[in-house]
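Engineer: Okay, handing you the structure first.
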Amino acid sequence: MTPDAIEEAARLLWEAWREHRRLAPLTGELRPQTVADGYAVQDAVIHRSGLAHVGWKIGATNPVVQAQLGLPGPLSGRLLAPFRHDSPAVLDATDFAMRALEPEIAFRLAGDLPARARAYDRAEVAAAVGTVHPALEIPESRWRDWAGAGAPAFIADNAAAGWFVLGPAAHDGLARDLAALEARLVVNGRVVETGDGAQVMGHPLEALTWLANHLSGRGPGLGGGALVTTGTCTPIATAARGDSVVADFGDFGQAAARFT
């Protein structure tokens, strides 16, 4: 994509964000054709927004979700400050077109993982983790056919990043076997989906390691203090106005939201 095409695609996407509109697929020179195109448009969208970002989301780490969306593997987007909420959160249902629900394990980094030539291993990445949290991500896509958008367009739209609700730090953090951690998605007191941490690339730390190396390759690296959501532990469900939702990880903790 040319620089002008990247900027125009970013303008259309950011206007759709601001106006709560959804878009038909972009065509011609405005349509991202490659993963690199997608990230270039994403960078331009974030720059155009002027919003602070507080971390990163990793999408499509769950093989079920990869199959649902036709995505070949994990991808990243920014977590933007205005869309971050602490649990329990009260959210305006009219802000959402989708109200998709994803129980996730999130990390807050204590140390930096700067860009470098040598790949990070999981032990190095784990050593940079400060706290581990239950989280509820509520992704939001600007594409009308978000499930069929394809990887470049999905990435361009900030990897469908939207709102996320952060639960309190788990007292035992990395001492737990995060792969074996059971997750339940509860809507109005009823369990609608179940899963575990192994759905996230086999272990949530594998997803975080992927992100550290992905961002090292792209240039910025991963900075201390960043929040990272690692992908859904269960199949995706949806909520309606008035629903109360809990991402329940048992004694590890919860992240809860209510749509008014």
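Order determines the names: the first chain of the structure tokens is A, the second B, and so forth; residues in each chain are numbered 1 upward, and ligands are numbered 1 upward as they are shown.
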What's the 12 Å shell around Pro3 in chain A, counting only C-alpha atoms, without same-chain residues fewer than 6 positions away, as a PyMOL selection string?
Structural biologist: chain A and resi 9-10+29-30+32+37+40-41+43-44
Engineer: Since we have the selection now, will you write its residues out, keeping N, CA and C atoms, as a PDB file, in the first residue's frame?
Structural biologist:
```pdb
ATOM      1  N   ALA A   9      -7.181   4.709   4.399  1.00  0.00           N
ATOM      2  CA  ALA A   9      -7.821   3.567   5.048  1.00  0.00           C
ATOM      3  C   ALA A   9      -7.925   3.803   6.552  1.00  0.00           C
ATOM      4  N   ALA A  10      -6.884   4.371   7.142  1.00  0.00           N
ATOM      5  CA  ALA A  10      -6.911   4.665   8.580  1.00  0.00           C
ATOM      6  C   ALA A  10      -7.967   5.712   8.908  1.00  0.00           C
ATOM      7  N   GLU A  29      -7.029   0.175  -3.952  1.00  0.00           N
ATOM      8  CA  GLU A  29      -5.754   0.416  -3.281  1.00  0.00           C
ATOM      9  C   GLU A  29      -5.906   0.615  -1.774  1.00  0.00           C
ATOM     10  N   LEU A  30      -7.150   0.800  -1.294  1.00  0.00           N
ATOM     11  CA  LEU A  30      -7.360   0.988   0.146  1.00  0.00           C
ATOM     12  C   LEU A  30      -7.470  -0.335   0.894  1.00  0.00           C
ATOM     13  N   PRO A  32      -6.100  -3.551   2.518  1.00  0.00           N
ATOM     14  CA  PRO A  32      -4.826  -4.174   2.883  1.00  0.00           C
ATOM     15  C   PRO A  32      -4.716  -5.568   2.264  1.00  0.00           C
ATOM     16  N   ASP A  37       0.706  -4.734   5.412  1.00  0.00           N
ATOM     17  CA  ASP A  37      -0.260  -3.662   5.133  1.00  0.00           C
ATOM     18  C   ASP A  37      -1.184  -3.458   6.334  1.00  0.00           C
ATOM     19  N   ALA A  40       0.514  -1.638   9.111  1.00  0.00           N
ATOM     20  CA  ALA A  40       0.758  -0.245   8.748  1.00  0.00           C
ATOM     21  C   ALA A  40      -0.508   0.589   8.914  1.00  0.00           C
ATOM     22  N   VAL A  41      -1.651   0.051   8.501  1.00  0.00           N
ATOM     23  CA  VAL A  41      -2.916   0.773   8.684  1.00  0.00           C
ATOM     24  C   VAL A  41      -3.241   0.877  10.173  1.00  0.00           C
ATOM     25  N   ASP A  43      -1.199   1.008  12.717  1.00  0.00           N
ATOM     26  CA  ASP A  43      -0.356   2.051  13.305  1.00  0.00           C
ATOM     27  C   ASP A  43      -0.921   3.437  12.989  1.00  0.00           C
ATOM     28  N   ALA A  44      -1.385   3.607  11.764  1.00  0.00           N
ATOM     29  CA  ALA A  44      -1.922   4.913  11.363  1.00  0.00           C
ATOM     30  C   ALA A  44      -3.236   5.219  12.066  1.00  0.00           C
TER      31      ALA A  44
END
```
Engineer: Please identify all polymer residues within 7 Å of Leu71 in chain A, counting only C-alpha atoms, omitting same-chain residues fewer than 4 positions from it, and present them as a list in words.
Structural biologist: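 Selected residues are Ala60, Gln66, Ala67, Gly150 and Ala151 of chain A.
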Engineer: Kindly indicate which residue among A:Pro114, A:Val200, A:Leu80, A:Ala212 lies nearest to Ala52 in chain A, using only C-alpha atoms for the distances.
Structural biologist: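 With only C-alpha atoms as the atom set, the closest residue is A:Leu80.
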Engineer: Using DSSP assignments from the backbone, pull out every residue in range 132-161 of chain A that falls under strand (DSSP E) and give it to me as a ChimeraX atom specification.
Structural biologist: /A:132-138
Engineer: Could those residues be written to a file, using C-alpha atoms, as a CSV table (one decimal), in the first residue's frame?
Structural biologist:
```
chain,number,residue,atom,x,y,z
A,132,VAL,CA,-1.3,-11.9,36.4
A,133,HIS,CA,-5.1,-11.1,36.2
A,134,PRO,CA,-8.4,-12.5,35.2
A,135,ALA,CA,-9.8,-10.4,32.4
A,136,LEU,CA,-12.9,-10.0,30.2
A,137,GLU,CA,-12.3,-8.7,26.7
A,138,ILE,CA,-15.2,-7.3,24.7
```
Engineer: Could you write out, as number ranges by chain, all the residues of range 128-232 of chain A that DSSP marks as alpha helix (DSSP H)?
Structural biologist: A: 151-156, 204-218
Engineer: Deliver the residues from the most recent selection as a file, using N, CA and C atoms, as a tab-separated table (two decimals), in the first residue's frame.
Structural biologist:
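That gives us out.tsv:
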```tsv
chain	number	residue	atom	x	y	z
A	151	ALA	N	-7.12	-11.82	7.48
A	151	ALA	CA	-6.09	-11.35	8.41
A	151	ALA	C	-5.66	-9.91	8.17
A	152	PRO	N	-5.33	-9.46	6.95
A	152	PRO	CA	-4.87	-8.08	6.80
A	152	PRO	C	-5.89	-7.04	7.27
A	153	ALA	N	-7.16	-7.22	6.89
A	153	ALA	CA	-8.19	-6.26	7.31
A	153	ALA	C	-8.46	-6.36	8.80
A	154	PHE	N	-8.44	-7.57	9.34
A	154	PHE	CA	-8.66	-7.77	10.77
A	154	PHE	C	-7.57	-7.04	11.57
A	155	ILE	N	-6.33	-7.18	11.14
A	155	ILE	CA	-5.21	-6.49	11.81
A	155	ILE	C	-5.36	-4.98	11.67
A	156	ALA	N	-5.70	-4.51	10.47
A	156	ALA	CA	-5.85	-3.07	10.25
A	156	ALA	C	-6.84	-2.45	11.22
A	204	PRO	N	-0.75	-19.49	28.34
A	204	PRO	CA	-0.75	-18.04	28.10
A	204	PRO	C	0.64	-17.42	27.99
A	205	LEU	N	1.64	-18.00	28.66
A	205	LEU	CA	2.99	-17.45	28.54
A	205	LEU	C	3.56	-17.67	27.14
A	206	GLU	N	3.09	-18.69	26.43
A	206	GLU	CA	3.51	-18.86	25.04
A	206	GLU	C	3.00	-17.70	24.19
A	207	ALA	N	1.77	-17.27	24.47
A	207	ALA	CA	1.22	-16.12	23.74
A	207	ALA	C	2.02	-14.86	24.06
A	208	LEU	N	2.35	-14.65	25.33
A	208	LEU	CA	3.12	-13.47	25.70
A	208	LEU	C	4.51	-13.51	25.07
A	209	THR	N	5.10	-14.68	25.00
A	209	THR	CA	6.41	-14.81	24.34
A	209	THR	C	6.30	-14.51	22.86
A	210	TRP	N	5.22	-14.98	22.23
A	210	TRP	CA	4.99	-14.64	20.83
A	210	TRP	C	4.94	-13.12	20.66
A	211	LEU	N	4.21	-12.43	21.54
A	211	LEU	CA	4.08	-10.98	21.42
A	211	LEU	C	5.42	-10.29	21.60
A	212	ALA	N	6.20	-10.73	22.59
A	212	ALA	CA	7.52	-10.11	22.82
A	212	ALA	C	8.38	-10.20	21.57
A	213	ASN	N	8.37	-11.34	20.91
A	213	ASN	CA	9.18	-11.50	19.71
A	213	ASN	C	8.57	-10.80	18.50
A	214	HIS	N	7.26	-10.79	18.42
A	214	HIS	CA	6.56	-10.07	17.35
A	214	HIS	C	6.89	-8.58	17.42
A	215	LEU	N	6.79	-7.98	18.62
A	215	LEU	CA	7.05	-6.55	18.76
A	215	LEU	C	8.54	-6.24	18.66
A	216	SER	N	9.38	-7.19	19.03
A	216	SER	CA	10.81	-7.02	18.82
A	216	SER	C	11.11	-6.93	17.33
A	217	GLY	N	10.45	-7.78	16.56
A	217	GLY	CA	10.65	-7.75	15.12
A	217	GLY	C	10.08	-6.51	14.46
A	218	ARG	N	8.99	-5.99	15.01
A	218	ARG	CA	8.37	-4.79	14.43
A	218	ARG	C	9.07	-3.52	14.87
```
Engineer: Taking into account only C-alpha atoms, which residue in the set A:Asp112, A:Leu185, A:Ala240, A:Gly59 is nearest to Phe96 in chain A?
Structural biologist: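 Distance minimum relative to Phe96 in chain A lands on A:Ala240.
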Engineer: Near Ala97 in chain A, within 10 Å and counting only C-alpha atoms, which residues show up once chain neighbours fewer than 4 positions away are dropped, as number ranges by chain?
Structural biologist: A: 20-22, 93, 139-142, 144
Engineer: Go ahead and save the picked residues with C-alpha atoms, as an mmCIF file, in the first residue's frame.
Structural biologist:
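Result file again_7.cif:
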```
data_model
loop_
_atom_site.group_PDB
_atom_site.id
_atom_site.type_symbol
_atom_site.label_atom_id
_atom_site.label_comp_id
_atom_site.auth_asym_id
_atom_site.auth_seq_id
_atom_site.Cartn_x
_atom_site.Cartn_y
_atom_site.Cartn_z
ATOM 1 C CA HIS A 20 -20.031 3.657 15.994
ATOM 2 C CA ARG A 21 -20.433 2.691 12.339
ATOM 3 C CA ARG A 22 -19.499 -0.498 10.555
ATOM 4 C CA ALA A 93 -24.746 -1.413 25.711
ATOM 5 C CA PRO A 139 -13.850 -7.130 21.148
ATOM 6 C CA GLU A 140 -15.449 -4.787 18.655
ATOM 7 C CA SER A 141 -15.007 -4.774 14.890
ATOM 8 C CA ARG A 142 -15.570 -1.940 12.487
ATOM 9 C CA ARG A 144 -19.763 -5.573 8.954
#
```
Engineer: Can you pull out the residues contacting Ile105 in chain A? Cut-off 12 Å, using only C-alpha atoms, and skip same-chain residues under 6 positions away; I want them as an MDAnalysis selection string.
Structural biologist: chainID A and resid 57:58 61 131:137 164:170 173:174 176:183 195:200 203:205 207:208 227:234 247:249 252:255
Engineer: How about saving the chosen residues, C-alpha atoms kept, as a JSON list (two decimals), in the first residue's frame?
Structural biologist:
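Here's the written file out.json:
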```
[["chain", "number", "residue", "atom", "x", "y", "z"],
["A", 57, "LYS", "CA", -4.12, -7.53, 22.96],
["A", 58, "ILE", "CA", -3.16, -10.80, 21.36],
["A", 61, "THR", "CA", -4.46, -17.54, 20.00],
["A", 131, "THR", "CA", 1.17, -9.50, 38.01],
["A", 132, "VAL", "CA", -1.34, -11.89, 36.44],
["A", 133, "HIS", "CA", -5.06, -11.08, 36.21],
["A", 134, "PRO", "CA", -8.39, -12.53, 35.16],
["A", 135, "ALA", "CA", -9.84, -10.38, 32.38],
["A", 136, "LEU", "CA", -12.87, -10.04, 30.16],
["A", 137, "GLU", "CA", -12.26, -8.73, 26.67],
["A", 164, "PHE", "CA", -11.59, -4.86, 28.31],
["A", 165, "VAL", "CA", -12.32, -5.37, 31.99],
["A", 166, "LEU", "CA", -9.42, -6.17, 34.30],
["A", 167, "GLY", "CA", -9.89, -8.22, 37.44],
["A", 168, "PRO", "CA", -7.66, -7.91, 40.52],
["A", 169, "ALA", "CA", -4.19, -9.42, 40.45],
["A", 170, "ALA", "CA", -4.19, -13.09, 41.43],
["A", 173, "GLY", "CA", 0.21, -15.25, 39.86],
["A", 174, "LEU", "CA", 2.77, -17.29, 37.97],
["A", 176, "ARG", "CA", -0.27, -21.34, 39.24],
["A", 177, "ASP", "CA", -0.33, -23.70, 36.27],
["A", 178, "LEU", "CA", -1.99, -21.23, 33.93],
["A", 179, "ALA", "CA", -2.49, -23.86, 31.23],
["A", 180, "ALA", "CA", -4.63, -25.94, 33.60],
["A", 181, "LEU", "CA", -6.60, -22.92, 34.85],
["A", 182, "GLU", "CA", -10.30, -23.55, 34.21],
["A", 183, "ALA", "CA", -12.37, -20.75, 32.72],
["A", 195, "GLY", "CA", -12.38, -23.77, 28.57],
["A", 196, "ASP", "CA", -8.94, -23.44, 30.10],
["A", 197, "GLY", "CA", -5.61, -21.68, 29.75],
["A", 198, "ALA", "CA", -4.29, -24.40, 27.44],
["A", 199, "GLN", "CA", -6.57, -23.01, 24.72],
["A", 200, "VAL", "CA", -4.20, -20.02, 24.50],
["A", 203, "HIS", "CA", -0.12, -21.80, 27.72],
["A", 204, "PRO", "CA", -0.75, -18.04, 28.10],
["A", 205, "LEU", "CA", 2.99, -17.45, 28.54],
["A", 207, "ALA", "CA", 1.22, -16.12, 23.74],
["A", 208, "LEU", "CA", 3.12, -13.47, 25.70],
["A", 227, "LEU", "CA", -1.01, -4.74, 30.11],
["A", 228, "VAL", "CA", -1.36, -7.71, 27.77],
["A", 229, "THR", "CA", -4.50, -9.76, 27.17],
["A", 230, "THR", "CA", -3.57, -13.13, 25.75],
["A", 231, "GLY", "CA", -6.68, -14.42, 23.95],
["A", 232, "THR", "CA", -9.88, -16.16, 24.86],
["A", 233, "CYS", "CA", -9.84, -19.32, 26.97],
["A", 234, "THR", "CA", -13.33, -20.32, 25.78],
["A", 247, "ALA", "CA", -15.26, -14.34, 33.27],
["A", 248, "ASP", "CA", -14.87, -16.81, 36.12],
["A", 249, "PHE", "CA", -11.53, -18.49, 36.82],
["A", 252, "PHE", "CA", -7.84, -17.41, 40.60],
["A", 253, "GLY", "CA", -10.36, -14.59, 40.29],
["A", 254, "GLN", "CA", -13.08, -13.02, 38.19],
["A", 255, "ALA", "CA", -13.70, -10.12, 35.83]]
```
Engineer: Would you kindly return, as a PyMOL selection string, each protein, DNA or RNA residue with an atom no farther than 6 Å from any atom of Gly77 in chain A, considering only C-alpha atoms and excluding same-chain residues fewer than 3 positions away?
Structural biologist: chain A and resi 56-57+158-159
Engineer: Taking C-alpha atoms for each residue, export the selection above as a short mmCIF file (atom, residue, chain, number, x, y, z; two decimals), in the first residue's frame.
Structural biologist:
```
data_model
loop_
_atom_site.label_atom_id
_atom_site.label_comp_id
_atom_site.auth_asym_id
_atom_site.auth_seq_id
_atom_site.Cartn_x
_atom_site.Cartn_y
_atom_site.Cartn_z
CA TRP A 56 -1.54 -4.92 23.83
CA LYS A 57 -4.12 -7.53 22.96
CA ASN A 158 -6.66 -2.92 15.56
CA ALA A 159 -7.23 -6.69 15.67
#
```
